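The next block is upload-v6.cif, given as mmCIF, C-alpha atoms.
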data_upload
loop_
_atom_site.group_PDB
_atom_site.id
_atom_site.type_symbol
_atom_site.label_atom_id
_atom_site.label_comp_id
_atom_site.auth_asym_id
_atom_site.auth_seq_id
_atom_site.Cartn_x
_atom_site.Cartn_y
_atom_site.Cartn_z
ATOM 1 C CA MET A 1 59.279 54.578 90.994
ATOM 2 C CA ARG A 2 62.857 54.044 92.149
ATOM 3 C CA THR A 3 64.606 50.710 91.748
ATOM 4 C CA LYS A 4 64.567 48.796 95.021
ATOM 5 C CA VAL A 5 67.816 48.216 96.839
ATOM 6 C CA THR A 6 68.209 44.428 96.906
ATOM 7 C CA LYS A 7 72.009 43.974 96.770
ATOM 8 C CA ALA A 8 74.555 44.630 99.498
ATOM 9 C CA ILE A 9 78.346 44.501 99.522
ATOM 10 C CA PHE A 10 80.126 43.372 102.692
ATOM 11 C CA PRO A 11 83.852 44.272 102.617
ATOM 12 C CA VAL A 12 85.394 41.587 104.866
ATOM 13 C CA ALA A 13 88.908 41.221 103.474
ATOM 14 C CA GLY A 14 90.682 42.867 106.437
ATOM 15 C CA LEU A 15 93.168 40.908 108.527
ATOM 16 C CA GLY A 16 91.773 42.012 111.896
ATOM 17 C CA THR A 17 95.239 42.742 113.273
ATOM 18 C CA ARG A 18 93.847 44.694 116.233
ATOM 19 C CA PHE A 19 92.447 41.418 117.565
ATOM 20 C CA LEU A 20 95.540 39.264 117.256
ATOM 21 C CA PRO A 21 96.202 36.546 118.276
ATOM 22 C CA ALA A 22 92.493 35.590 118.057
ATOM 23 C CA THR A 23 92.339 36.514 114.366
ATOM 24 C CA LYS A 24 95.361 34.398 113.492
ATOM 25 C CA SER A 25 92.977 31.579 112.606
ATOM 26 C CA VAL A 26 89.487 33.051 113.150
ATOM 27 C CA PRO A 27 88.154 35.754 110.803
ATOM 28 C CA LYS A 28 87.239 38.838 112.815
ATOM 29 C CA GLU A 29 83.760 38.849 111.290
ATOM 30 C CA ILE A 30 82.806 35.605 113.034
ATOM 31 C CA MET A 31 84.048 36.651 116.454
ATOM 32 C CA THR A 32 81.003 36.435 118.701
ATOM 33 C CA LEU A 33 79.136 39.322 120.259
ATOM 34 C CA VAL A 34 77.341 37.507 123.105
ATOM 35 C CA ASP A 35 76.411 34.386 121.070
ATOM 36 C CA ARG A 36 76.208 35.638 117.483
ATOM 37 C CA PRO A 37 79.052 36.466 115.104
ATOM 38 C CA LEU A 38 79.489 40.088 114.059
ATOM 39 C CA ILE A 39 78.565 39.169 110.494
ATOM 40 C CA GLN A 40 75.208 37.754 111.625
ATOM 41 C CA TYR A 41 74.171 41.136 113.019
ATOM 42 C CA ALA A 42 74.964 42.717 109.639
ATOM 43 C CA ILE A 43 73.102 40.007 107.704
ATOM 44 C CA ASP A 44 70.016 40.319 109.912
ATOM 45 C CA GLU A 45 70.032 44.101 109.446
ATOM 46 C CA ALA A 46 70.343 43.692 105.681
ATOM 47 C CA ARG A 47 67.492 41.179 105.525
ATOM 48 C CA ALA A 48 65.234 43.551 107.478
ATOM 49 C CA ALA A 49 65.970 46.220 104.845
ATOM 50 C CA GLY A 50 64.901 43.937 101.978
ATOM 51 C CA ILE A 51 68.331 42.816 100.787
ATOM 52 C CA LYS A 52 68.176 39.587 98.761
ATOM 53 C CA GLU A 53 71.711 39.293 97.330
ATOM 54 C CA PHE A 54 74.746 39.336 99.617
ATOM 55 C CA ILE A 55 78.180 40.002 98.112
ATOM 56 C CA PHE A 56 81.217 39.342 100.297
ATOM 57 C CA VAL A 57 84.562 40.848 99.308
ATOM 58 C CA THR A 58 87.008 38.508 101.002
ATOM 59 C CA SER A 59 90.690 37.576 101.060
ATOM 60 C CA ARG A 60 92.831 34.533 101.774
ATOM 61 C CA GLY A 61 92.071 32.854 105.120
ATOM 62 C CA LYS A 62 88.335 33.609 105.236
ATOM 63 C CA GLY A 63 87.165 30.021 104.695
ATOM 64 C CA ALA A 64 85.518 29.860 108.125
ATOM 65 C CA LEU A 65 83.387 32.866 107.201
ATOM 66 C CA GLU A 66 82.147 31.090 104.084
ATOM 67 C CA ASP A 67 81.473 27.882 106.032
ATOM 68 C CA TYR A 68 79.418 29.745 108.619
ATOM 69 C CA PHE A 69 76.584 30.336 106.135
ATOM 70 C CA ASP A 70 76.573 26.766 104.849
ATOM 71 C CA LEU A 71 74.195 24.030 106.001
ATOM 72 C CA ALA A 72 75.187 21.877 108.990
ATOM 73 C CA PRO A 73 73.154 18.669 108.409
ATOM 74 C CA GLN A 74 74.813 16.610 111.144
ATOM 75 C CA LEU A 75 74.289 19.290 113.779
ATOM 76 C CA GLU A 76 70.696 19.845 112.640
ATOM 77 C CA ASN A 77 69.972 16.116 112.866
ATOM 78 C CA GLU A 78 71.411 15.914 116.388
ATOM 79 C CA LEU A 79 69.312 18.867 117.550
ATOM 80 C CA ARG A 80 66.219 17.355 115.937
ATOM 81 C CA LYS A 81 66.796 13.968 117.609
ATOM 82 C CA SER A 82 67.283 15.679 120.966
ATOM 83 C CA GLY A 83 64.079 17.669 120.588
ATOM 84 C CA LYS A 84 65.956 20.964 120.852
ATOM 85 C CA THR A 85 63.598 22.773 118.502
ATOM 86 C CA GLU A 86 64.463 26.269 119.732
ATOM 87 C CA LEU A 87 68.177 25.773 119.026
ATOM 88 C CA LEU A 88 67.282 24.200 115.678
ATOM 89 C CA GLU A 89 65.357 27.323 114.653
ATOM 90 C CA ILE A 90 68.268 29.544 115.720
ATOM 91 C CA LEU A 91 70.618 27.427 113.627
ATOM 92 C CA LYS A 92 68.325 27.548 110.602
ATOM 93 C CA SER A 93 68.212 31.352 110.795
ATOM 94 C CA THR A 94 71.924 31.402 109.917
ATOM 95 C CA ASN A 95 71.435 29.436 106.688
ATOM 96 C CA MET A 96 71.404 31.231 103.347
ATOM 97 C CA GLU A 97 69.648 30.070 100.202
ATOM 98 C CA SER A 98 71.806 28.671 97.433
ATOM 99 C CA GLY A 99 72.894 31.516 95.174
ATOM 100 C CA ALA A 100 72.059 34.261 97.684
ATOM 101 C CA ILE A 101 75.721 34.774 98.628
ATOM 102 C CA ALA A 102 78.609 35.486 96.273
ATOM 103 C CA TYR A 103 82.275 35.715 97.262
ATOM 104 C CA ILE A 104 84.765 37.996 95.498
ATOM 105 C CA ARG A 105 88.496 38.069 96.311
ATOM 106 C CA GLN A 106 90.301 41.356 96.952
ATOM 107 C CA HIS A 107 93.913 40.426 96.242
ATOM 108 C CA LYS A 108 95.491 43.681 97.450
ATOM 109 C CA ALA A 109 94.580 45.796 100.472
ATOM 110 C CA LEU A 110 93.903 49.039 98.596
ATOM 111 C CA GLY A 111 91.087 50.407 100.734
ATOM 112 C CA LEU A 112 87.315 50.423 101.004
ATOM 113 C CA GLY A 113 86.801 52.018 97.601
ATOM 114 C CA HIS A 114 88.801 49.264 95.963
ATOM 115 C CA ALA A 115 86.877 46.570 97.856
ATOM 116 C CA VAL A 116 83.566 47.976 96.601
ATOM 117 C CA TRP A 117 84.961 48.275 93.067
ATOM 118 C CA CYS A 118 85.896 44.571 93.138
ATOM 119 C CA ALA A 119 82.175 43.713 93.243
ATOM 120 C CA ARG A 120 81.188 45.959 90.326
ATOM 121 C CA ARG A 121 80.268 43.157 87.899
ATOM 122 C CA LEU A 122 77.758 41.699 90.366
ATOM 123 C CA ILE A 123 76.093 45.067 90.933
ATOM 124 C CA GLY A 124 75.506 46.060 87.315
ATOM 125 C CA ASN A 125 73.344 49.141 86.906
ATOM 126 C CA GLU A 126 71.420 48.997 90.185
ATOM 127 C CA PRO A 127 71.553 50.938 93.447
ATOM 128 C CA PHE A 128 73.242 48.950 96.187
ATOM 129 C CA ALA A 129 74.106 49.016 99.872
ATOM 130 C CA VAL A 130 77.524 48.734 101.500
ATOM 131 C CA MET A 131 77.708 47.452 105.068
ATOM 132 C CA LEU A 132 80.777 47.328 107.306
ATOM 133 C CA PRO A 133 80.249 44.541 109.880
ATOM 134 C CA ASP A 134 82.636 46.262 112.331
ATOM 135 C CA ASP A 135 79.939 48.886 112.875
ATOM 136 C CA VAL A 136 77.218 47.195 114.912
ATOM 137 C CA ILE A 137 74.147 49.356 115.427
ATOM 138 C CA ALA A 138 71.519 48.751 118.103
ATOM 139 C CA ALA A 139 68.271 50.291 116.890
ATOM 140 C CA GLU A 140 64.537 49.714 117.234
ATOM 141 C CA LYS A 141 64.273 49.962 113.436
ATOM 142 C CA PRO A 142 67.474 48.631 111.827
ATOM 143 C CA CYS A 143 69.732 51.363 110.478
ATOM 144 C CA LEU A 144 69.808 50.141 106.884
ATOM 145 C CA GLN A 145 66.025 49.876 106.859
ATOM 146 C CA GLN A 146 65.824 53.530 107.920
ATOM 147 C CA MET A 147 68.149 54.418 105.061
ATOM 148 C CA VAL A 148 66.311 52.357 102.433
ATOM 149 C CA GLU A 149 63.043 54.063 103.343
ATOM 150 C CA ALA A 150 64.690 57.492 103.058
ATOM 151 C CA TYR A 151 66.288 56.488 99.735
ATOM 152 C CA GLN A 152 62.932 55.464 98.273
ATOM 153 C CA GLU A 153 61.659 58.962 99.033
ATOM 154 C CA ASN A 154 64.726 61.043 98.125
ATOM 155 C CA GLY A 155 66.972 59.016 95.807
ATOM 156 C CA GLY A 156 70.616 59.968 95.328
ATOM 157 C CA SER A 157 73.464 58.406 97.274
ATOM 158 C CA MET A 158 73.236 58.216 101.035
ATOM 159 C CA VAL A 159 75.606 57.651 103.951
ATOM 160 C CA ALA A 160 74.826 56.968 107.590
ATOM 161 C CA ALA A 161 76.148 59.783 109.760
ATOM 162 C CA MET A 162 76.625 60.551 113.430
ATOM 163 C CA GLU A 163 78.098 63.433 115.393
ATOM 164 C CA VAL A 164 81.527 62.799 116.916
ATOM 165 C CA PRO A 165 83.800 64.967 119.077
ATOM 166 C CA HIS A 166 85.827 67.368 116.905
ATOM 167 C CA GLU A 167 89.096 65.900 118.140
ATOM 168 C CA LYS A 168 88.073 62.517 116.657
ATOM 169 C CA THR A 169 87.139 63.725 113.170
ATOM 170 C CA SER A 170 90.566 62.671 111.867
ATOM 171 C CA SER A 171 89.412 59.044 112.179
ATOM 172 C CA TYR A 172 86.397 59.427 109.878
ATOM 173 C CA GLY A 173 85.091 60.671 106.595
ATOM 174 C CA VAL A 174 83.412 63.976 107.474
ATOM 175 C CA LEU A 175 80.470 65.711 105.786
ATOM 176 C CA ASP A 176 80.374 69.317 104.610
ATOM 177 C CA VAL A 177 76.697 70.126 105.104
ATOM 178 C CA LYS A 178 74.767 72.147 102.544
ATOM 179 C CA GLU A 179 71.286 72.010 104.050
ATOM 180 C CA GLU A 180 69.551 70.505 107.080
ATOM 181 C CA MET A 181 66.513 68.389 106.137
ATOM 182 C CA GLY A 182 65.343 66.865 109.412
ATOM 183 C CA ASP A 183 67.016 63.469 109.815
ATOM 184 C CA LEU A 184 68.715 64.023 106.459
ATOM 185 C CA VAL A 185 71.338 66.571 105.473
ATOM 186 C CA SER A 186 72.143 67.573 101.925
ATOM 187 C CA VAL A 187 75.894 67.275 101.416
ATOM 188 C CA LYS A 188 78.094 69.689 99.453
ATOM 189 C CA GLY A 189 81.396 67.954 100.172
ATOM 190 C CA MET A 190 83.138 65.074 101.934
ATOM 191 C CA VAL A 191 86.619 64.979 103.425
ATOM 192 C CA GLU A 192 88.405 61.752 104.363
ATOM 193 C CA LYS A 193 90.115 61.879 107.792
ATOM 194 C CA PRO A 194 90.668 65.633 108.028
ATOM 195 C CA LYS A 195 92.733 67.246 110.741
ATOM 196 C CA ALA A 196 90.492 68.327 113.617
ATOM 197 C CA ASP A 197 90.991 72.046 112.914
ATOM 198 C CA GLU A 198 90.241 71.545 109.204
ATOM 199 C CA ALA A 199 87.094 69.391 109.480
ATOM 200 C CA PRO A 200 84.052 71.037 107.833
ATOM 201 C CA SER A 201 81.765 69.655 110.572
ATOM 202 C CA ASN A 202 81.688 66.958 113.226
ATOM 203 C CA LEU A 203 79.181 64.859 111.254
ATOM 204 C CA ALA A 204 81.046 61.640 110.522
ATOM 205 C CA VAL A 205 80.303 58.858 108.055
ATOM 206 C CA ILE A 206 79.955 55.383 109.556
ATOM 207 C CA GLY A 207 79.682 51.976 107.922
ATOM 208 C CA ARG A 208 76.347 52.072 106.102
ATOM 209 C CA TYR A 209 75.901 53.350 102.543
ATOM 210 C CA ILE A 210 73.304 53.306 99.795
ATOM 211 C CA LEU A 211 74.995 54.136 96.509
ATOM 212 C CA THR A 212 74.054 54.590 92.869
ATOM 213 C CA PRO A 213 75.943 52.708 90.134
ATOM 214 C CA ASP A 214 77.505 56.065 89.179
ATOM 215 C CA VAL A 215 79.747 55.657 92.237
ATOM 216 C CA LEU A 216 81.183 52.475 90.707
ATOM 217 C CA ARG A 217 81.943 54.358 87.510
ATOM 218 C CA ASN A 218 83.712 56.993 89.591
ATOM 219 C CA LEU A 219 85.783 54.264 91.242
ATOM 220 C CA ASN A 220 86.919 53.126 87.787
ATOM 221 C CA LYS A 221 88.782 56.438 87.510
ATOM 222 C CA MET A 222 89.918 56.818 91.108
ATOM 223 C CA LYS A 223 93.551 57.181 92.101
ATOM 224 C CA GLN A 224 94.975 56.480 95.542
ATOM 225 C CA GLY A 225 93.900 59.057 98.110
ATOM 226 C CA ALA A 226 94.345 59.441 101.885
ATOM 227 C CA GLY A 227 96.602 56.767 103.355
ATOM 228 C CA GLY A 228 97.593 55.520 99.898
ATOM 229 C CA GLU A 229 94.199 53.813 99.526
ATOM 230 C CA ILE A 230 91.345 54.158 97.046
ATOM 231 C CA GLN A 231 88.784 56.006 99.138
ATOM 232 C CA LEU A 232 85.064 55.361 98.758
ATOM 233 C CA THR A 233 84.457 58.862 100.100
ATOM 234 C CA ASP A 234 86.295 60.354 97.117
ATOM 235 C CA ALA A 235 84.057 58.477 94.687
ATOM 236 C CA ILE A 236 80.937 59.659 96.545
ATOM 237 C CA ALA A 237 82.243 63.239 96.645
ATOM 238 C CA GLN A 238 82.625 63.055 92.856
ATOM 239 C CA GLU A 239 78.860 62.643 92.668
ATOM 240 C CA ILE A 240 78.468 66.077 94.249
ATOM 241 C CA THR A 241 80.959 67.594 91.819
ATOM 242 C CA GLU A 242 78.930 66.209 88.922
ATOM 243 C CA GLY A 243 75.682 67.674 90.268
ATOM 244 C CA ARG A 244 74.053 64.553 91.717
ATOM 245 C CA ASN A 245 72.496 64.418 95.183
ATOM 246 C CA VAL A 246 74.313 63.015 98.179
ATOM 247 C CA PHE A 247 72.644 62.843 101.582
ATOM 248 C CA GLY A 248 73.786 62.093 105.090
ATOM 249 C CA MET A 249 71.303 60.405 107.409
ATOM 250 C CA ARG A 250 71.342 60.845 111.154
ATOM 251 C CA PHE A 251 70.106 57.365 111.987
ATOM 252 C CA LYS A 252 68.225 56.532 115.168
ATOM 253 C CA GLY A 253 70.239 54.042 117.183
ATOM 254 C CA GLN A 254 73.532 53.454 118.966
ATOM 255 C CA ARG A 255 76.641 52.542 117.015
ATOM 256 C CA PHE A 256 79.414 50.386 118.449
ATOM 257 C CA ASP A 257 82.848 50.311 116.832
ATOM 258 C CA CYS A 258 83.530 46.587 117.069
ATOM 259 C CA GLY A 259 86.705 47.027 115.075
ATOM 260 C CA SER A 260 88.314 48.213 118.303
ATOM 261 C CA LYS A 261 88.745 46.195 121.481
ATOM 262 C CA ALA A 262 87.081 48.840 123.647
ATOM 263 C CA GLY A 263 84.103 49.119 121.291
ATOM 264 C CA PHE A 264 83.750 45.345 121.127
ATOM 265 C CA LEU A 265 83.679 45.100 124.914
ATOM 266 C CA GLN A 266 81.175 47.953 125.184
ATOM 267 C CA ALA A 267 78.912 46.232 122.658
ATOM 268 C CA THR A 268 79.199 42.932 124.531
ATOM 269 C CA VAL A 269 77.999 44.585 127.731
ATOM 270 C CA ALA A 270 75.202 46.525 126.009
ATOM 271 C CA PHE A 271 73.876 43.546 124.038
ATOM 272 C CA GLY A 272 74.228 41.297 127.074
ATOM 273 C CA LEU A 273 72.161 43.664 129.219
ATOM 274 C CA ALA A 274 69.539 43.784 126.466
ATOM 275 C CA ARG A 275 69.017 40.002 126.756
ATOM 276 C CA GLU A 276 66.402 39.128 129.365
ATOM 277 C CA GLU A 277 68.003 35.798 130.285
ATOM 278 C CA LEU A 278 71.396 37.444 130.893
ATOM 279 C CA ARG A 279 70.450 40.842 132.277
ATOM 280 C CA ASP A 280 70.188 40.096 136.002
ATOM 281 C CA ASP A 281 73.417 38.105 136.316
ATOM 282 C CA LEU A 282 75.411 40.552 134.195
ATOM 283 C CA HIS A 283 73.997 43.619 135.909
ATOM 284 C CA GLY A 284 74.755 42.149 139.317
ATOM 285 C CA TYR A 285 78.330 41.403 138.288
ATOM 286 C CA LEU A 286 78.849 44.928 136.958
ATOM 287 C CA GLN A 287 77.554 46.362 140.217
ATOM 288 C CA GLN A 288 80.055 44.217 142.131
ATOM 289 C CA LEU A 289 82.883 45.501 139.950
ATOM 290 C CA MET A 290 81.835 49.095 140.544
ATOM 291 C CA ALA A 291 81.670 48.514 144.311
ATOM 292 C CA VAL A 292 85.168 47.028 144.305
ATOM 293 C CA ASP A 293 86.478 49.918 142.216
ATOM 294 C CA GLN A 294 84.904 52.523 144.522
ATOM 295 C CA ALA A 295 86.323 50.775 147.590
ATOM 296 C CA ALA A 296 89.785 50.780 146.028
ATOM 297 C CA GLN A 297 89.569 54.525 145.491
#
Is it possible to express this structure as structure tokens?
Amino acid sequence: MRTKVTKAIFPVAGLGTRFLPATKSVPKEIMTLVDRPLIQYAIDEARAAGIKEFIFVTSRGKGALEDYFDLAPQLENELRKSGKTELLEILKSTNMESGAIAYIRQHKALGLGHAVWCARRLIGNEPFAVMLPDDVIAAEKPCLQQMVEAYQENGGSMVAAMEVPHEKTSSYGVLDVKEEMGDLVSVKGMVEKPKADEAPSNLAVIGRYILTPDVLRNLNKMKQGAGGEIQLTDAIAQEITEGRNVFGMRFKGQRFDCGSKAGFLQATVAFGLAREELRDDLHGYLQQLMAVDQAAQ
């Protein structure tokens, strides 16, 4: 029986420069999508997949992110006195048990592979997940839960994958497919940010991974790759070279790139429309905007 995946790494050391000036004092990961921070969506997805230990790779200026998961006794007491039990339950859902979260500092911005490597001592010799909070995924069954179930059946290392237009492959790690296996594909190679005419496919890696501890050992030997960074994709590709299985999983769900302004706005609209108490007002407003736009044309 395979070891359960109970640990997840959250690389959150980025400066969020695409969202300046907001991120001058507010970590990007706690910017709110409707009424929940981006990081809360990732935590909820991880919990649904059975994750028990949450490892944040942070940097200077992320104190507000750490505070978010702490208790707020004064606020809880005020809500309790006011009889606002529903809000109290929402607040409690953001709390984390003592010892469930660990924070590791990444002192230099050397890429995703380096961020994962920074957490190596807390992973040990277990399989683990990596989650990028910028990638928010709306799905009936959470994406990481889909992947954990597939991992329990197939083992190996696994990446979430989705098809993208060929002209956009240069923005992603791209899979070289060996064999189609339903929702899974067996991978024979991975290329980080290839030119569109050199991409082996249009199946791109997005921010969900389940990795074996062998990947950490590969990162120990990694040199700087594309963009002068230590690429996680290179360490995963090394697994293929050494004869171990790597799979891509076409997850069921819709991914929003909340690391970009356009993606963040699209997610805000989509998640807002999905909320029953917001749907009618928001839908009516969007219809008004469309009518104004059509009239202007």
Rows by chain and residue number, stretch 218-255 of chain A within 9 Å of stretch 162-167 of chain A, shortest pair, all atoms listed in the file, as a tab-separated table:
residue	atom	partner	partner_atom	distance
A:Gly248	CA	A:Met162	CA	8.9
A:Met249	CA	A:Met162	CA	8.0
A:Arg250	CA	A:Met162	CA	5.8
A:Phe251	CA	A:Met162	CA	7.4
A:Arg255	CA	A:Met162	CA	8.8
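Closest approach to A:Thr241 from the set A:Ala102, A:Lys188, A:Leu211, A:Leu278 is made by A:Lys188, with distances taken over only C-alpha atoms.
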To verify the selection step, state as a PDB file with C-alpha atoms, in the coordinates of the input which residues the PyMOL selection byres ((chain A and resi 147) around 12) yields on this input.
ATOM      1  CA  VAL A   5      67.816  48.216  96.839  1.00  0.00           C
ATOM      2  CA  GLU A  45      70.032  44.101 109.446  1.00  0.00           C
ATOM      3  CA  ALA A  46      70.343  43.692 105.681  1.00  0.00           C
ATOM      4  CA  ALA A  48      65.234  43.551 107.478  1.00  0.00           C
ATOM      5  CA  ALA A  49      65.970  46.220 104.845  1.00  0.00           C
ATOM      6  CA  GLY A  50      64.901  43.937 101.978  1.00  0.00           C
ATOM      7  CA  PHE A 128      73.242  48.950  96.187  1.00  0.00           C
ATOM      8  CA  ALA A 129      74.106  49.016  99.872  1.00  0.00           C
ATOM      9  CA  VAL A 130      77.524  48.734 101.500  1.00  0.00           C
ATOM     10  CA  MET A 131      77.708  47.452 105.068  1.00  0.00           C
ATOM     11  CA  LYS A 141      64.273  49.962 113.436  1.00  0.00           C
ATOM     12  CA  PRO A 142      67.474  48.631 111.827  1.00  0.00           C
ATOM     13  CA  CYS A 143      69.732  51.363 110.478  1.00  0.00           C
ATOM     14  CA  LEU A 144      69.808  50.141 106.884  1.00  0.00           C
ATOM     15  CA  GLN A 145      66.025  49.876 106.859  1.00  0.00           C
ATOM     16  CA  GLN A 146      65.824  53.530 107.920  1.00  0.00           C
ATOM     17  CA  VAL A 148      66.311  52.357 102.433  1.00  0.00           C
ATOM     18  CA  GLU A 149      63.043  54.063 103.343  1.00  0.00           C
ATOM     19  CA  ALA A 150      64.690  57.492 103.058  1.00  0.00           C
ATOM     20  CA  TYR A 151      66.288  56.488  99.735  1.00  0.00           C
ATOM     21  CA  GLN A 152      62.932  55.464  98.273  1.00  0.00           C
ATOM     22  CA  GLU A 153      61.659  58.962  99.033  1.00  0.00           C
ATOM     23  CA  ASN A 154      64.726  61.043  98.125  1.00  0.00           C
ATOM     24  CA  GLY A 155      66.972  59.016  95.807  1.00  0.00           C
ATOM     25  CA  GLY A 156      70.616  59.968  95.328  1.00  0.00           C
ATOM     26  CA  SER A 157      73.464  58.406  97.274  1.00  0.00           C
ATOM     27  CA  MET A 158      73.236  58.216 101.035  1.00  0.00           C
ATOM     28  CA  VAL A 159      75.606  57.651 103.951  1.00  0.00           C
ATOM     29  CA  ALA A 160      74.826  56.968 107.590  1.00  0.00           C
ATOM     30  CA  ALA A 161      76.148  59.783 109.760  1.00  0.00           C
ATOM     31  CA  ASP A 183      67.016  63.469 109.815  1.00  0.00           C
ATOM     32  CA  LEU A 184      68.715  64.023 106.459  1.00  0.00           C
ATOM     33  CA  ARG A 208      76.347  52.072 106.102  1.00  0.00           C
ATOM     34  CA  TYR A 209      75.901  53.350 102.543  1.00  0.00           C
ATOM     35  CA  ILE A 210      73.304  53.306  99.795  1.00  0.00           C
ATOM     36  CA  LEU A 211      74.995  54.136  96.509  1.00  0.00           C
ATOM     37  CA  PHE A 247      72.644  62.843 101.582  1.00  0.00           C
ATOM     38  CA  GLY A 248      73.786  62.093 105.090  1.00  0.00           C
ATOM     39  CA  MET A 249      71.303  60.405 107.409  1.00  0.00           C
ATOM     40  CA  ARG A 250      71.342  60.845 111.154  1.00  0.00           C
ATOM     41  CA  PHE A 251      70.106  57.365 111.987  1.00  0.00           C
ATOM     42  CA  LYS A 252      68.225  56.532 115.168  1.00  0.00           C
TER      43      LYS A 252
END
Enclose the full set of atoms of stretch 164-181 of chain A listed in the file within a box whose edges lie along x, y and z, apply 8 Å of padding to each of the six sides, and report centre and edge lengths in Å to one decimal as AutoDock Vina command-line options.
--center_x 78.5 --center_y 65.6 --center_z 110.8 --size_x 40.1 --size_y 29.1 --size_z 32.5
Q: Counting all atoms listed in the file, select every polymer residue within 12 Å of (73.0, 19.9, 116.7) as defined in the file's coordinates, and provide the selection as a list in words.
A: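 Residues satisfying the cut-off, written out: Leu71, Ala72, Pro73, Gln74, Leu75, Glu76, Asn77, Glu78, Leu79, Arg80, Lys81, Ser82, Gly83, Lys84, Thr85, Glu86, Leu87, Leu88, Glu89, Ile90, Leu91 and Lys92 of chain A.
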**Q.** Residues near A:Lys221, cut-off 9 Å, all atoms listed in the file, skip fewer than 3 positions along chain, as a VMD selection string
**A.** chain A and resid 217 to 218 235
Q.
To one decimal place in Å, what is the distance between atom CA of A:Arg244 and atom CA of A:Val177?
A.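 Spanning atom CA of A:Arg244 to atom CA of A:Val177 is a straight-line distance of 14.7 Å.
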Evaluate the PyMOL selection byres ((chain A and resi 172) around 9) and report residues as a CSV table (one decimal) with C-alpha atoms, keeping the file's coordinate frame:
chain,number,residue,atom,x,y,z
A,168,LYS,CA,88.1,62.5,116.7
A,169,THR,CA,87.1,63.7,113.2
A,170,SER,CA,90.6,62.7,111.9
A,171,SER,CA,89.4,59.0,112.2
A,173,GLY,CA,85.1,60.7,106.6
A,174,VAL,CA,83.4,64.0,107.5
A,191,VAL,CA,86.6,65.0,103.4
A,192,GLU,CA,88.4,61.8,104.4
A,193,LYS,CA,90.1,61.9,107.8
A,194,PRO,CA,90.7,65.6,108.0
A,204,ALA,CA,81.0,61.6,110.5
A,205,VAL,CA,80.3,58.9,108.1
A,206,ILE,CA,80.0,55.4,109.6
Q: Quick one: pull the distance between atom CA of A:Asp176 and atom CA of A:Gly189, Å, one decimal.
A: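 Spanning atom CA of A:Asp176 to atom CA of A:Gly189 is a straight-line distance of 4.8 Å.
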